[in-house]
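Take a look at the structure set out below.
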Amino acid sequence: MALFLALRRGVVWSAAFVFSASCTSLLDAQPASAAGRSSRPQPALRHGFAPERLARIDTMLNEAVRREEVGGLVAYVLRDDQVVYERAVGWSNREQRIPMAPNALFRIASQTKALTSAAVLMLMEEGRLSLGTPASRFMPTFARTTVAERTDTGVTIVPARRPITIKDLLTHTAGISYGVDATVAEKYRAKGLGPAAGYGWYTADKSVPICTTMDTLGTLPFVAQPGQRFVYGYNTDVLGCIVERASGKPLDVFLRERLTQPLGMMDTHFFVPEAKRARLVTVYSSSAQGTTRAEDGAKGQGHYVDGPRMSFAGGAGLVSTAQDYARFLQMIAHRGSWRGTHYLAPHTVGLMTSHQIGALYGPGLGFGLGFETVEAYGASNLASRGTFGWGGAYGSNYKVDPAEGLVIVVMMNQLPNTSDVVARFQTMLYAALMESRAR
């Protein structure tokens, strides 16, 4: 009966949820009354968190689903590698009444970038390239790139002033956008990119390898000179092709052999295996009516199950789970090592997670070699200085806070997404942390 009532309300809590390995369910925690707080002892902190404050998050997430701010999500939080919060709320498929589950598969879009960046840096450590290596060493069409510049009379295509480097691509300072800018949109559309690629970044429907698409990109004008400004775009897709050419392996094989399989990320794929297709969540869209099922195709459900399975996009192609992605972040948080295996050197991880581009990004925030960084307390809600992270176009988001020992992953698939539930979740999580090391 309880499950039936929960289904009627559109809110589902999985029986598999855990608070930590030794904790009881947060659903049993009851906040003390204002009058009784002084005389009644508070529940013991668990890994530094107050259970009654974490219970507030349960309420907020349930309400967000009930009000149709989100279709569903999975939140997963570790402190010092111990699970302190795991919840799956709402629906994996609302129309078929399939509740969200902790092992649900999500399209992680730009969260793919961190894994591709790590792959590039692995090759750097092996001497196959350097941060200063020109992209043209692996991408011949990048030997003479051009830039679309606005003038008093319109738009002029001019040569790039210098070569684009690996570091430019890692930091999004190469001048490469997603091709939806008015100055270049029609040229990109004609080549199957920009407005012809979903919201610009989507390539899962292409029946050619990613390097073919990126070779075409090199013939198109970019929107800024190398090193001129931070421009978010196809940079990491170019890096995915460079990984293929520098290693001699397709990107999916390289990531599987060097990162996902050794780390135990068995649910991270570019395209969903047939046996797992039922676990891929439905994409919903924010609308005036709440949330509605997103359209099929590049701007909605995508081609991650029945597509051509040819384009392994290093910038936005992966599907994963909250636990899988957290495992990758644990490795980064441990300065490149995990359970006795060294994936990256501590100095390399230091480059990834520290600000690299000066005044081109901010204020209070920075950008390293694949991650946004928090340079000033208060620049990213309550996150500590030194926190790093990013998110994906479908609404997913992650943060690693080394000062507090936190790995925070929130997975959802909502496109477009106007909900601020992820920001509220992160704020409420920090508000539940009563034993802080950072401040």
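If you're wondering about the labels, chains in the structure tokens are A, B, ... by order shown, residues count from 1 in each chain, ligands from 1 in order shown.
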inquiry  = So that I can check the secondary structure, give me every residue of range 180-423 of chain A assigned strand (DSSP E or B) by backbone DSSP, as a ChimeraX atom specification.
reply    = /A:222,269,280,284-287,290-293,319-320,337-338,341-342,365-367,372-374,388-391,397-401,406-411,414
ask   = Any idea what's packed within 12 Å of Leu170 in chain A, counting only C-alpha atoms, ignoring anything in its chain fewer than 5 positions away? Could you give it as a PyMOL selection string?
value = chain A and resi 113-121+130-133+135+164-165+175-176+227+230-240+242+314-315+351-353+355-357+367-372
ask   = Using only C-alpha atoms, which residues sit within 6 Å of Ser92 in chain A once same-chain residues fewer than 4 positions away are excluded, as a PyMOL selection string?
value = chain A and resi 98-100+281-282
With 8 Å as the cut-off and only C-alpha atoms counted, what is the closest atom pair between each nearby residue of range 302-377 of chain A and range 408-424 of chain A? Distances in Å to one decimal, ordered by chain and number, as JSON lines.
{"residue": "A:Thr321", "atom": "CA", "partner": "A:Met411", "partner_atom": "CA", "distance": 7.6}
{"residue": "A:Ala322", "atom": "CA", "partner": "A:Val409", "partner_atom": "CA", "distance": 6.1}
{"residue": "A:Tyr325", "atom": "CA", "partner": "A:Val409", "partner_atom": "CA", "distance": 7.7}
{"residue": "A:Ala326", "atom": "CA", "partner": "A:Val409", "partner_atom": "CA", "distance": 6.6}
Same residues, N, CA and C atoms, output as a PDB file, in the first residue's frame:
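Once everything was written out, this is part.pdb:
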ATOM      1  N   THR A 321      26.595   6.016 -14.748  1.00  0.00           N
ATOM      2  CA  THR A 321      25.792   6.045 -13.529  1.00  0.00           C
ATOM      3  C   THR A 321      26.461   6.959 -12.507  1.00  0.00           C
ATOM      4  N   ALA A 322      25.723   7.317 -11.472  1.00  0.00           N
ATOM      5  CA  ALA A 322      26.281   8.168 -10.422  1.00  0.00           C
ATOM      6  C   ALA A 322      27.457   7.481  -9.739  1.00  0.00           C
ATOM      7  N   TYR A 325      30.620   7.331 -12.084  1.00  0.00           N
ATOM      8  CA  TYR A 325      31.303   8.607 -12.251  1.00  0.00           C
ATOM      9  C   TYR A 325      32.019   9.018 -10.969  1.00  0.00           C
ATOM     10  N   ALA A 326      31.416   8.712  -9.847  1.00  0.00           N
ATOM     11  CA  ALA A 326      32.068   9.016  -8.572  1.00  0.00           C
ATOM     12  C   ALA A 326      33.375   8.244  -8.427  1.00  0.00           C
TER      13      ALA A 326
END
key: Long-range neighbours of Gly302 in chain A as a VMD selection string, 8 Å cut-off, only C-alpha atoms, 6 positions minimum in chain   = chain A and resid 204 to 205 296
Please produce an output containing N, CA and C atoms for each residue in the selection, written as a compact mmCIF listing (two decimals), in the first residue's frame.
# COMPACT_ATOMS: atom_id res chain seq x y z
N ALA A 204 26.08 11.89 -31.73
CA ALA A 204 25.79 10.46 -31.58
C ALA A 204 25.03 9.87 -32.75
N ASP A 205 24.41 10.71 -33.56
CA ASP A 205 23.65 10.23 -34.71
C ASP A 205 24.50 10.12 -35.98
N ASP A 296 12.04 12.90 -29.47
CA ASP A 296 13.04 11.94 -29.91
C ASP A 296 14.10 12.68 -30.72
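Counting only C-alpha atoms, the residue from A:Pro209, A:Gly90, A:Gly194, A:Pro41 that sits nearest to Pro308 in chain A is A:Pro209.
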Show me a table, sorted first by chain and then by increasing residue number, of the residues of range 187-271 of chain A having an atom at most 8 Å from range 141-151 of chain A, each with its shortest atom pair and the distance in Å to one decimal, counting only C-alpha atoms and written as a Markdown table.
| residue | atom | partner | partner_atom | distance |
| --- | --- | --- | --- | --- |
| A:Asp215 | CA | A:Thr141 | CA | 5.9 |
| A:Thr216 | CA | A:Thr141 | CA | 7.6 |
| A:Gly218 | CA | A:Thr141 | CA | 4.9 |
| A:Thr219 | CA | A:Thr141 | CA | 6.0 |
| A:Leu220 | CA | A:Thr146 | CA | 7.2 |
| A:Pro221 | CA | A:Val147 | CA | 4.8 |
| A:Phe222 | CA | A:Val147 | CA | 4.6 |
| A:Val223 | CA | A:Ala148 | CA | 5.3 |
| A:Ala224 | CA | A:Val147 | CA | 6.0 |
| A:Gln225 | CA | A:Val147 | CA | 6.5 |
N, CA, C and O atoms of the current selection, written as an mmCIF file, in the first residue's frame:
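selection-v1.cif, written as the output of this step:
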data_model
loop_
_atom_site.group_PDB
_atom_site.id
_atom_site.type_symbol
_atom_site.label_atom_id
_atom_site.label_comp_id
_atom_site.auth_asym_id
_atom_site.auth_seq_id
_atom_site.Cartn_x
_atom_site.Cartn_y
_atom_site.Cartn_z
ATOM 1 N N ASP A 215 38.014 16.581 -38.489
ATOM 2 C CA ASP A 215 38.781 17.039 -39.645
ATOM 3 C C ASP A 215 37.981 18.086 -40.418
ATOM 4 O O ASP A 215 38.543 19.080 -40.904
ATOM 5 N N THR A 216 36.680 17.879 -40.532
ATOM 6 C CA THR A 216 35.821 18.880 -41.166
ATOM 7 C C THR A 216 35.804 20.168 -40.363
ATOM 8 O O THR A 216 35.870 21.269 -40.922
ATOM 9 N N GLY A 218 38.104 21.506 -38.674
ATOM 10 C CA GLY A 218 39.307 22.277 -38.903
ATOM 11 C C GLY A 218 39.275 23.146 -40.142
ATOM 12 O O GLY A 218 40.075 24.085 -40.270
ATOM 13 N N THR A 219 38.349 22.877 -41.062
ATOM 14 C CA THR A 219 38.223 23.683 -42.274
ATOM 15 C C THR A 219 37.283 24.869 -42.085
ATOM 16 O O THR A 219 37.161 25.701 -42.990
ATOM 17 N N LEU A 220 36.609 24.936 -40.934
ATOM 18 C CA LEU A 220 35.635 25.994 -40.665
ATOM 19 C C LEU A 220 36.261 27.110 -39.826
ATOM 20 O O LEU A 220 37.197 26.866 -39.065
ATOM 21 N N PRO A 221 35.735 28.323 -39.929
ATOM 22 C CA PRO A 221 36.275 29.407 -39.105
ATOM 23 C C PRO A 221 35.862 29.272 -37.650
ATOM 24 O O PRO A 221 34.758 28.819 -37.338
ATOM 25 N N PHE A 222 36.775 29.652 -36.748
ATOM 26 C CA PHE A 222 36.471 29.685 -35.333
ATOM 27 C C PHE A 222 36.040 31.098 -34.947
ATOM 28 O O PHE A 222 35.943 31.975 -35.803
ATOM 29 N N VAL A 223 35.757 31.340 -33.678
ATOM 30 C CA VAL A 223 35.148 32.616 -33.296
ATOM 31 C C VAL A 223 36.063 33.512 -32.464
ATOM 32 O O VAL A 223 35.672 34.617 -32.091
ATOM 33 N N ALA A 224 37.266 33.051 -32.157
ATOM 34 C CA ALA A 224 38.237 33.880 -31.430
ATOM 35 C C ALA A 224 39.634 33.385 -31.754
ATOM 36 O O ALA A 224 39.830 32.230 -32.142
ATOM 37 N N GLN A 225 40.593 34.264 -31.591
ATOM 38 C CA GLN A 225 41.984 33.901 -31.797
ATOM 39 C C GLN A 225 42.454 32.976 -30.665
ATOM 40 O O GLN A 225 41.972 33.077 -29.531
#
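The gap separating CA of Gln426 in chain A from CA of Arg335 in chain A is 23.3 Å, in Å to one decimal.
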Name the residues in contact with Asn381 in chain A at a cut-off of 12 Å, using only C-alpha atoms, excluding same-chain residues fewer than 4 positions from it; report them as an mmCIF file with C-alpha atoms, in the first residue's frame.
data_model
loop_
_atom_site.group_PDB
_atom_site.id
_atom_site.type_symbol
_atom_site.label_atom_id
_atom_site.label_comp_id
_atom_site.auth_asym_id
_atom_site.auth_seq_id
_atom_site.Cartn_x
_atom_site.Cartn_y
_atom_site.Cartn_z
ATOM 1 C CA GLY A 364 36.185 33.903 -8.180
ATOM 2 C CA LEU A 365 36.315 30.893 -10.470
ATOM 3 C CA VAL A 374 36.719 27.530 -7.134
ATOM 4 C CA ALA A 376 37.333 32.261 -3.832
ATOM 5 C CA TYR A 377 34.946 31.067 -1.156
ATOM 6 C CA ARG A 385 38.160 27.144 -2.167
ATOM 7 C CA THR A 387 36.777 22.639 -5.188
ATOM 8 C CA LYS A 399 31.939 18.644 -7.492
ATOM 9 C CA VAL A 422 20.949 20.770 -8.167
ATOM 10 C CA ALA A 423 22.112 24.094 -6.727
ATOM 11 C CA ARG A 424 19.666 23.740 -3.837
ATOM 12 C CA PHE A 425 20.837 20.206 -3.209
ATOM 13 C CA GLN A 426 24.481 21.252 -3.025
ATOM 14 C CA THR A 427 23.704 24.159 -0.691
ATOM 15 C CA MET A 428 21.620 21.984 1.629
ATOM 16 C CA LEU A 429 24.329 19.327 1.665
ATOM 17 C CA TYR A 430 26.935 21.815 2.895
ATOM 18 C CA ALA A 431 24.385 23.134 5.400
#
request  = Mind checking which residues fall within 9 Å of Leu105 in chain A, counting only C-alpha atoms, ignoring those fewer than 5 positions away in the same chain, and posting them as a list in words?
outcome  = Asp267, Thr268, Val272, Lys276, Arg277, Ala278, Arg279, Leu280, Val281, Val319, Ser320, Thr321, Ala322 and Met411 of chain A
Output N, CA, C and O atoms for every residue in that selection, as a short mmCIF file (atom, residue, chain, number, x, y, z; two decimals), in the first residue's frame.
data_model
loop_
_atom_site.label_atom_id
_atom_site.label_comp_id
_atom_site.auth_asym_id
_atom_site.auth_seq_id
_atom_site.Cartn_x
_atom_site.Cartn_y
_atom_site.Cartn_z
N ASP A 267 29.57 0.42 -16.00
CA ASP A 267 28.34 0.95 -16.60
C ASP A 267 28.59 2.24 -17.37
O ASP A 267 27.66 3.02 -17.60
N THR A 268 29.82 2.50 -17.76
CA THR A 268 30.15 3.71 -18.51
C THR A 268 30.47 3.33 -19.95
O THR A 268 31.42 2.59 -20.21
N VAL A 272 24.67 2.49 -25.23
CA VAL A 272 24.15 1.57 -24.22
C VAL A 272 24.10 0.14 -24.77
O VAL A 272 23.50 -0.10 -25.83
N LYS A 276 21.42 -3.52 -21.25
CA LYS A 276 21.24 -2.46 -20.26
C LYS A 276 20.26 -1.38 -20.72
O LYS A 276 20.06 -0.39 -20.00
N ARG A 277 19.66 -1.53 -21.86
CA ARG A 277 18.86 -0.44 -22.43
C ARG A 277 17.69 -0.05 -21.54
O ARG A 277 17.28 1.12 -21.53
N ALA A 278 17.13 -0.99 -20.76
CA ALA A 278 16.00 -0.67 -19.88
C ALA A 278 16.41 0.26 -18.75
O ALA A 278 15.55 0.90 -18.13
N ARG A 279 17.71 0.38 -18.47
CA ARG A 279 18.18 1.24 -17.37
C ARG A 279 18.45 2.67 -17.82
O ARG A 279 18.72 3.53 -16.99
N LEU A 280 18.39 2.95 -19.12
CA LEU A 280 18.61 4.31 -19.61
C LEU A 280 17.36 5.15 -19.33
O LEU A 280 16.26 4.81 -19.77
N VAL A 281 17.53 6.24 -18.60
CA VAL A 281 16.38 7.02 -18.17
C VAL A 281 15.81 7.82 -19.33
O VAL A 281 16.49 8.11 -20.32
N VAL A 319 27.59 7.70 -21.57
CA VAL A 319 26.47 7.35 -20.69
C VAL A 319 27.10 6.71 -19.45
O VAL A 319 28.05 5.94 -19.55
N SER A 320 26.58 7.02 -18.26
CA SER A 320 27.18 6.49 -17.04
C SER A 320 26.16 6.50 -15.91
O SER A 320 25.00 6.92 -16.08
N THR A 321 26.59 6.02 -14.75
CA THR A 321 25.79 6.04 -13.53
C THR A 321 26.46 6.96 -12.51
O THR A 321 27.64 7.30 -12.63
N ALA A 322 25.72 7.32 -11.47
CA ALA A 322 26.28 8.17 -10.42
C ALA A 322 27.46 7.48 -9.74
O ALA A 322 28.49 8.11 -9.49
N MET A 411 22.92 13.20 -10.84
CA MET A 411 22.60 12.80 -12.20
C MET A 411 21.12 13.04 -12.49
O MET A 411 20.25 12.61 -11.73
#
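Closest approach to Asp401 in chain A among A:Asp80, A:Leu318, A:Ala75, A:Phe270 is made by A:Asp80 (distances from only C-alpha atoms).
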key: Test item, helix (DSSP H, G or I) assignment across range 176-298 of chain A, answer as a VMD selection string   = chain A and resid 185 to 190 194 to 196 210 to 217 235 to 247 251 to 263 274 to 279
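Shortest atom-to-atom contact with Thr348 in chain A among A:Leu329, A:Pro226, A:Gly336, A:Ser136: A:Gly336, counting only C-alpha atoms.
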message = I want to know what sits within 9 Å of Glu404 in chain A, based on only C-alpha atoms, with residues of the same chain fewer than 4 positions away left out; could you give that as number ranges by chain?
response = A: 79-80, 384, 400, 436-438
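If you look at CA of Gly48 in chain A and CA of Glu435 in chain A, they are 4.7 Å away from each other.
Proximity of A:Glu244, A:Glu274, A:Glu295, A:Glu126 to Gly198 in chain A, computed with only C-alpha atoms, is greatest for A:Glu295.
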key: Nearest to Phe312 in chain A by atom-to-atom distance, counting only C-alpha atoms, from A:Thr156, A:Thr260, A:Thr213, A:Gln111   = A:Thr213
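Reported to one decimal place, the separation of CA of Lys191 in chain A from CA of Leu360 in chain A is 29.7 Å.
Considering only C-alpha atoms, the residue among A:Leu217, A:Leu406, A:Pro346, A:Cys211 positioned nearest to Ala190 in chain A is A:Leu217.
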